[in-house]
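What follows is the content of start14.csv (CSV, C-alpha atoms).
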chain,number,residue,atom,x,y,z
A,1,MET,CA,-13.5,40.6,111.6
A,2,HIS,CA,-14.6,41.0,115.2
A,3,TYR,CA,-16.4,44.3,115.9
A,4,ILE,CA,-16.7,45.5,119.5
A,5,ILE,CA,-19.5,48.1,119.5
A,6,GLY,CA,-19.3,50.3,122.5
A,7,CYS,CA,-16.1,51.0,124.4
A,8,GLY,CA,-17.5,52.3,127.7
A,9,GLY,CA,-17.9,50.3,130.9
A,10,VAL,CA,-18.4,46.8,129.4
A,11,GLY,CA,-16.4,47.4,126.2
A,12,SER,CA,-13.3,48.7,128.1
A,13,ALA,CA,-13.5,45.7,130.4
A,14,ILE,CA,-13.6,43.1,127.6
A,15,VAL,CA,-11.0,44.5,125.2
A,16,PRO,CA,-7.8,43.5,127.2
A,17,SER,CA,-8.7,39.8,127.4
A,18,PHE,CA,-10.5,39.6,124.0
A,19,CYS,CA,-7.2,40.7,122.4
A,20,LEU,CA,-5.7,37.5,123.9
A,21,LEU,CA,-8.4,35.4,122.4
A,22,LYS,CA,-8.2,36.9,118.9
A,23,PRO,CA,-5.3,38.7,117.2
A,24,PRO,CA,-5.7,42.5,117.7
A,25,ALA,CA,-5.5,43.0,113.9
A,26,GLU,CA,-8.8,41.1,113.6
A,27,ILE,CA,-10.6,43.4,116.1
A,28,THR,CA,-12.2,46.7,115.3
A,29,LEU,CA,-13.5,48.9,118.1
A,30,ILE,CA,-16.4,51.2,117.4
A,31,ASP,CA,-17.5,54.2,119.5
A,32,GLY,CA,-18.2,57.8,119.0
A,33,ASP,CA,-17.9,58.8,122.6
A,34,THR,CA,-15.2,60.9,124.3
A,35,LEU,CA,-13.6,59.8,127.6
A,36,GLU,CA,-14.5,62.1,130.6
A,37,THR,CA,-13.0,62.2,134.1
A,38,ARG,CA,-16.3,61.0,135.6
A,39,ASN,CA,-15.9,57.7,133.6
A,40,LEU,CA,-12.7,56.7,135.4
A,41,ASN,CA,-14.4,55.2,138.5
A,42,ARG,CA,-16.1,52.4,136.4
A,43,GLN,CA,-14.3,52.2,133.0
A,44,MET,CA,-10.9,50.7,132.2
A,45,PHE,CA,-9.0,53.9,131.2
A,46,ASP,CA,-6.6,56.1,133.0
A,47,ALA,CA,-6.5,59.9,133.5
A,48,ARG,CA,-4.0,60.5,130.7
A,49,GLN,CA,-6.6,59.4,128.2
A,50,VAL,CA,-9.3,61.9,129.2
A,51,GLY,CA,-10.4,63.8,126.1
A,52,MET,CA,-9.6,61.0,123.7
A,53,ASN,CA,-12.2,59.1,121.7
A,54,LYS,CA,-12.8,55.8,123.7
A,55,ALA,CA,-12.3,53.5,120.7
A,56,GLU,CA,-9.1,55.2,119.8
A,57,ALA,CA,-7.8,55.2,123.3
A,58,LEU,CA,-8.3,51.4,123.7
A,59,ALA,CA,-7.1,50.6,120.2
A,60,THR,CA,-3.9,52.6,120.7
A,61,LYS,CA,-3.1,50.6,123.8
A,62,TYR,CA,-4.1,47.1,122.5
A,63,ARG,CA,-3.1,47.6,118.9
A,64,CYS,CA,-6.6,47.0,117.5
A,65,ARG,CA,-8.3,48.8,114.6
A,66,PHE,CA,-10.9,51.4,115.5
A,67,ILE,CA,-13.7,53.5,114.1
A,68,PRO,CA,-14.3,56.7,116.2
A,69,GLU,CA,-18.0,56.9,115.3
A,70,TRP,CA,-21.3,55.6,116.5
A,71,PHE,CA,-22.3,52.2,115.0
A,72,ALA,CA,-25.0,52.3,112.4
A,73,ARG,CA,-26.5,49.7,110.1
A,74,GLY,CA,-25.2,50.2,106.5
A,75,LYS,CA,-21.9,51.9,107.4
A,76,ILE,CA,-19.8,48.7,107.1
A,77,ARG,CA,-20.2,45.9,104.6
A,78,HIS,CA,-20.3,42.9,106.9
A,79,GLN,CA,-19.4,39.4,106.0
A,80,ARG,CA,-20.8,36.1,107.1
A,81,ASN,CA,-17.9,35.3,109.3
A,82,ASP,CA,-18.0,38.6,111.2
A,83,TRP,CA,-18.9,38.8,114.9
A,84,LEU,CA,-20.6,41.8,116.4
A,85,ILE,CA,-20.0,42.2,120.1
A,86,CYS,CA,-22.6,44.8,121.0
A,87,LEU,CA,-21.9,46.4,124.4
A,88,VAL,CA,-24.1,49.5,124.4
A,89,ASP,CA,-26.8,50.9,126.6
A,90,ASN,CA,-29.5,51.7,124.0
A,91,HIS,CA,-32.0,49.5,122.1
A,92,ARG,CA,-31.7,51.3,118.8
A,93,THR,CA,-28.1,50.2,118.4
A,94,ARG,CA,-28.9,46.7,119.6
A,95,LEU,CA,-31.7,46.5,117.0
A,96,GLU,CA,-29.5,47.6,114.2
A,97,ALA,CA,-26.8,45.0,115.2
A,98,LEU,CA,-29.4,42.3,115.1
A,99,GLU,CA,-30.7,43.5,111.7
A,100,VAL,CA,-27.1,43.4,110.3
A,101,CYS,CA,-26.9,39.7,111.4
A,102,ASP,CA,-30.2,39.0,109.6
A,103,GLU,CA,-28.9,40.6,106.4
A,104,SER,CA,-25.3,39.3,106.3
A,105,GLY,CA,-25.5,36.1,108.3
A,106,CYS,CA,-22.9,37.2,110.8
A,107,GLN,CA,-23.3,36.4,114.5
A,108,ALA,CA,-23.7,38.7,117.5
A,109,ILE,CA,-23.3,38.8,121.3
A,110,LEU,CA,-25.0,41.5,123.2
A,111,ALA,CA,-24.3,42.4,126.8
A,112,ALA,CA,-25.7,45.0,129.2
A,113,ASN,CA,-25.9,45.7,132.9
A,114,GLU,CA,-27.6,47.7,135.6
A,115,THR,CA,-26.2,48.8,139.0
A,116,HIS,CA,-25.5,45.3,140.3
A,117,SER,CA,-26.9,42.9,137.6
A,118,SER,CA,-25.5,41.8,134.2
A,119,GLU,CA,-26.5,39.8,131.3
A,120,ALA,CA,-25.3,38.6,127.9
A,121,TYR,CA,-27.0,36.8,125.0
A,122,TYR,CA,-26.0,35.2,121.7
A,123,TYR,CA,-27.8,35.6,118.4
A,124,ARG,CA,-27.6,34.0,114.9
A,125,ARG,CA,-29.8,34.6,111.8
A,126,THR,CA,-31.5,31.2,112.0
A,127,TRP,CA,-33.0,32.2,115.3
A,128,GLN,CA,-34.9,35.2,113.8
A,129,GLY,CA,-38.5,35.2,115.2
A,130,THR,CA,-38.0,32.3,117.6
A,131,HIS,CA,-37.8,32.3,121.4
A,132,ARG,CA,-34.0,32.8,121.1
A,133,ASP,CA,-34.4,36.1,119.2
A,134,PRO,CA,-33.8,39.0,121.6
A,135,ARG,CA,-36.5,41.0,119.8
A,136,VAL,CA,-38.9,38.3,121.0
A,137,TYR,CA,-37.9,38.0,124.7
A,138,TYR,CA,-37.1,41.7,124.9
A,139,PRO,CA,-39.8,43.3,122.5
A,140,GLU,CA,-38.9,46.8,123.7
A,141,ILE,CA,-35.8,46.5,121.5
A,142,ASN,CA,-38.1,46.9,118.5
A,143,THR,CA,-39.8,50.1,119.6
A,144,ASP,CA,-37.6,52.0,122.2
A,145,PRO,CA,-35.6,54.8,120.5
A,146,SER,CA,-34.4,56.4,123.7
A,147,GLY,CA,-30.7,56.8,124.4
A,148,ASP,CA,-29.7,56.6,120.7
A,149,PRO,CA,-26.4,58.6,120.8
A,150,ARG,CA,-26.6,59.5,117.1
A,151,ALA,CA,-29.9,61.4,117.8
A,152,THR,CA,-29.3,62.8,121.3
A,153,ALA,CA,-25.5,63.1,121.6
A,154,ILE,CA,-25.8,61.0,124.8
A,155,GLY,CA,-23.3,58.2,125.1
A,156,CYS,CA,-22.9,55.8,127.9
A,157,THR,CA,-21.6,58.6,130.0
A,158,GLY,CA,-24.7,60.8,129.7
A,159,GLU,CA,-28.3,60.7,131.0
A,160,ALA,CA,-28.5,56.9,130.9
A,161,GLN,CA,-25.7,56.7,133.5
A,162,VAL,CA,-27.2,59.4,135.7
A,163,ALA,CA,-30.5,57.5,135.8
A,164,ASN,CA,-28.8,54.0,136.1
A,165,ARG,CA,-25.5,54.2,137.9
A,166,GLN,CA,-23.5,51.1,136.9
A,167,LEU,CA,-20.8,49.7,139.2
A,168,VAL,CA,-17.5,48.6,137.8
A,169,SER,CA,-18.3,45.1,139.1
A,170,ALA,CA,-21.4,44.8,137.0
A,171,ASN,CA,-19.4,46.0,133.9
A,172,LEU,CA,-16.8,43.3,134.5
A,173,MET,CA,-19.5,40.7,135.0
A,174,ALA,CA,-21.2,41.6,131.7
A,175,ALA,CA,-17.9,41.5,129.9
A,176,ALA,CA,-17.1,38.0,131.4
A,177,LEU,CA,-20.6,36.6,130.4
A,178,ALA,CA,-20.2,38.0,126.9
A,179,GLU,CA,-16.7,36.6,126.5
A,180,HIS,CA,-17.9,33.2,127.8
A,181,LEU,CA,-20.6,33.0,125.2
A,182,PHE,CA,-18.1,34.0,122.5
A,183,VAL,CA,-15.8,31.2,123.5
A,184,LEU,CA,-18.7,28.7,123.6
A,185,TRP,CA,-20.2,29.6,120.3
A,186,ASN,CA,-17.1,30.6,118.3
A,187,PHE,CA,-14.5,28.0,119.5
A,188,LYS,CA,-16.5,25.0,120.9
A,189,ALA,CA,-19.9,24.9,119.1
A,190,PRO,CA,-18.5,24.3,115.6
A,191,ARG,CA,-16.8,21.1,116.8
A,192,MET,CA,-20.0,19.7,118.4
A,193,ASP,CA,-22.7,17.6,116.9
A,194,ALA,CA,-26.0,19.2,116.1
A,195,GLU,CA,-27.9,17.6,118.9
A,196,THR,CA,-25.4,19.0,121.5
A,197,VAL,CA,-25.4,22.5,119.9
A,198,ALA,CA,-29.2,22.6,120.1
A,199,VAL,CA,-29.1,22.6,123.9
A,200,LEU,CA,-26.2,25.0,124.5
A,201,PRO,CA,-26.9,28.1,126.5
A,202,TYR,CA,-27.7,31.3,124.6
A,203,LYS,CA,-28.3,33.7,127.4
A,204,PHE,CA,-26.8,34.3,130.9
A,205,VAL,CA,-28.3,36.7,133.5
A,206,ALA,CA,-26.4,37.4,136.8
A,207,ASN,CA,-27.4,39.4,139.8
A,208,LEU,CA,-26.0,39.6,143.4
A,209,SER,CA,-27.3,36.2,144.4
A,210,LYS,CA,-27.6,33.9,141.4
A,211,LEU,CA,-26.7,33.1,137.8
A,212,GLU,CA,-29.4,32.1,135.4
A,213,THR,CA,-28.7,30.1,132.2
A,214,TYR,CA,-31.1,29.9,129.3
A,215,LYS,CA,-30.9,27.0,126.8

What is this file in structure tokens?
Amino acid sequence: MHYIIGCGGVGSAIVPSFCLLKPPAEITLIDGDTLETRNLNRQMFDARQVGMNKAEALATKYRCRFIPEWFARGKIRHQRNDWLICLVDNHRTRLEALEVCDESGCQAILAANETHSSEAYYYRRTWQGTHRDPRVYYPEINTDPSGDPRATAIGCTGEAQVANRQLVSANLMAAALAEHLFVLWNFKAPRMDAETVAVLPYKFVANLSKLETYK
């Protein structure tokens, strides 16, 4: 199963094309947030969906499965062949997604953005504690509890967005980078030899003037 965690700016941008890569019946959308009018200038919804749960709104349109709740470690029994596409704006959820990968052996792609910049990175259990572990190159993931929607009732439409206004272009870029990594590691990497896989990119960072690739 492919779990898209977070159906706000980046999540709503990735769902339409992701449903062309994988059958919608194999995709589960997870989000506890409700669509508001102020989301419509940067998220891929329409005014008729205001008031709906975001995961349900997208799932209804694209025929996916959905869970209208915040993601939390332990709620779902994950399998080794699962993928977690984590598109949230808080470190607590990112940390729990990485911990689920460590426990179950599933794989994850995380993506995020600021006003103009975007990034995405891939993670697998064998990288735990190495330079490819997001908790190593972004150590704040381990300690920053701010913005956790389960504790504060603030989703990607709340205080985080007021403090860090995200343009729709950055949301689309983050979605594209995440999807590119998914295609690379899900479709291509399994067919490559170990020597080639060892030097594949695991992280992309884009801003207004350049795209950085980390291998």

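From atom CA of Ile14 of chain A back to atom CA of Asn53 of chain A, the distance works out to 17.1 Å.
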
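Each of A:Val183, A:Val100, A:Ala120, A:Met173 was checked against Thr213 of chain A using only C-alpha atoms; the smallest atom-to-atom distance is that of A:Ala120.
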
Please return, as a ChimeraX atom specification, all polymer residues that have at least one atom within 12 Å of the point (-25.5, 39.3, 146.0); use all atoms listed in the file and the file's own coordinate frame. /A:115-117,169-170,206-211

Write out as a CSV table (one decimal) with C-alpha atoms, in the coordinates of the input each polymer residue whose atoms come within 12 Å of segment 23-32 of chain A, counting all atoms listed in the file; drop sequence neighbours fewer than 2 positions from it.
chain,number,residue,atom,x,y,z
A,1,MET,CA,-13.5,40.6,111.6
A,2,HIS,CA,-14.6,41.0,115.2
A,3,TYR,CA,-16.4,44.3,115.9
A,4,ILE,CA,-16.7,45.5,119.5
A,5,ILE,CA,-19.5,48.1,119.5
A,6,GLY,CA,-19.3,50.3,122.5
A,7,CYS,CA,-16.1,51.0,124.4
A,8,GLY,CA,-17.5,52.3,127.7
A,11,GLY,CA,-16.4,47.4,126.2
A,12,SER,CA,-13.3,48.7,128.1
A,14,ILE,CA,-13.6,43.1,127.6
A,15,VAL,CA,-11.0,44.5,125.2
A,16,PRO,CA,-7.8,43.5,127.2
A,17,SER,CA,-8.7,39.8,127.4
A,18,PHE,CA,-10.5,39.6,124.0
A,19,CYS,CA,-7.2,40.7,122.4
A,20,LEU,CA,-5.7,37.5,123.9
A,21,LEU,CA,-8.4,35.4,122.4
A,34,THR,CA,-15.2,60.9,124.3
A,35,LEU,CA,-13.6,59.8,127.6
A,52,MET,CA,-9.6,61.0,123.7
A,53,ASN,CA,-12.2,59.1,121.7
A,54,LYS,CA,-12.8,55.8,123.7
A,55,ALA,CA,-12.3,53.5,120.7
A,56,GLU,CA,-9.1,55.2,119.8
A,57,ALA,CA,-7.8,55.2,123.3
A,58,LEU,CA,-8.3,51.4,123.7
A,59,ALA,CA,-7.1,50.6,120.2
A,60,THR,CA,-3.9,52.6,120.7
A,61,LYS,CA,-3.1,50.6,123.8
A,62,TYR,CA,-4.1,47.1,122.5
A,63,ARG,CA,-3.1,47.6,118.9
A,64,CYS,CA,-6.6,47.0,117.5
A,65,ARG,CA,-8.3,48.8,114.6
A,66,PHE,CA,-10.9,51.4,115.5
A,67,ILE,CA,-13.7,53.5,114.1
A,68,PRO,CA,-14.3,56.7,116.2
A,69,GLU,CA,-18.0,56.9,115.3
A,70,TRP,CA,-21.3,55.6,116.5
A,71,PHE,CA,-22.3,52.2,115.0
A,72,ALA,CA,-25.0,52.3,112.4
A,75,LYS,CA,-21.9,51.9,107.4
A,76,ILE,CA,-19.8,48.7,107.1
A,81,ASN,CA,-17.9,35.3,109.3
A,82,ASP,CA,-18.0,38.6,111.2
A,83,TRP,CA,-18.9,38.8,114.9
A,84,LEU,CA,-20.6,41.8,116.4
A,85,ILE,CA,-20.0,42.2,120.1
A,86,CYS,CA,-22.6,44.8,121.0
A,87,LEU,CA,-21.9,46.4,124.4
A,88,VAL,CA,-24.1,49.5,124.4
A,93,THR,CA,-28.1,50.2,118.4
A,148,ASP,CA,-29.7,56.6,120.7
A,149,PRO,CA,-26.4,58.6,120.8
A,150,ARG,CA,-26.6,59.5,117.1
A,153,ALA,CA,-25.5,63.1,121.6
A,154,ILE,CA,-25.8,61.0,124.8
A,155,GLY,CA,-23.3,58.2,125.1
A,156,CYS,CA,-22.9,55.8,127.9
A,157,THR,CA,-21.6,58.6,130.0

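Note that atom CA of Arg124 of chain A and atom CA of Ala108 of chain A are 6.6 Å apart.
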
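One distance worth recording is that between atom CA of Asp144 of chain A and atom CA of Asn41 of chain A, which is 28.5 Å.
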
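The smallest atom-to-atom distance between Trp185 of chain A and any of A:Leu167, A:Leu95, A:Ile109, A:Val136, using all atoms listed in the file, is found for A:Ile109.
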
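Nearest to Asn113 of chain A of all the residues A:Gly9, A:Leu98, A:Asp46, A:Gly129 is A:Gly9, counting only C-alpha atoms.
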
Restricting to all atoms listed in the file, whichever of A:Ser118, A:Glu140, A:Glu99, A:Arg77 is closest to Val168 of chain A is A:Ser118

Is it possible to add N, CA and C atoms to segment 89-100 of chain A and hand it back as a short mmCIF file (atom, residue, chain, number, x, y, z; two decimals), keeping the file's coordinate frame?
data_model
loop_
_atom_site.label_atom_id
_atom_site.label_comp_id
_atom_site.auth_asym_id
_atom_site.auth_seq_id
_atom_site.Cartn_x
_atom_site.Cartn_y
_atom_site.Cartn_z
N ASP A 89 -25.75 50.80 125.62
CA ASP A 89 -26.80 50.90 126.60
C ASP A 89 -28.12 51.46 125.96
N ASN A 90 -28.30 51.24 124.66
CA ASN A 90 -29.50 51.70 124.00
C ASN A 90 -30.05 50.64 123.05
N HIS A 91 -31.38 50.55 122.97
CA HIS A 91 -32.00 49.50 122.10
C HIS A 91 -31.87 49.78 120.65
N ARG A 92 -31.76 51.03 120.26
CA ARG A 92 -31.70 51.30 118.80
C ARG A 92 -30.44 50.67 118.21
N THR A 93 -29.31 50.80 118.87
CA THR A 93 -28.10 50.20 118.40
C THR A 93 -28.17 48.67 118.41
N ARG A 94 -28.75 48.12 119.48
CA ARG A 94 -28.90 46.70 119.60
C ARG A 94 -29.78 46.17 118.41
N LEU A 95 -30.86 46.87 118.11
CA LEU A 95 -31.70 46.50 117.00
C LEU A 95 -30.99 46.46 115.70
N GLU A 96 -30.20 47.49 115.44
CA GLU A 96 -29.50 47.60 114.20
C GLU A 96 -28.40 46.47 114.08
N ALA A 97 -27.79 46.13 115.20
CA ALA A 97 -26.80 45.00 115.20
C ALA A 97 -27.51 43.71 114.84
N LEU A 98 -28.69 43.47 115.38
CA LEU A 98 -29.40 42.30 115.10
C LEU A 98 -29.87 42.25 113.61
N GLU A 99 -30.27 43.40 113.10
CA GLU A 99 -30.70 43.50 111.70
C GLU A 99 -29.50 43.22 110.76
N VAL A 100 -28.31 43.67 111.14
CA VAL A 100 -27.10 43.40 110.30
C VAL A 100 -26.87 41.88 110.29
#
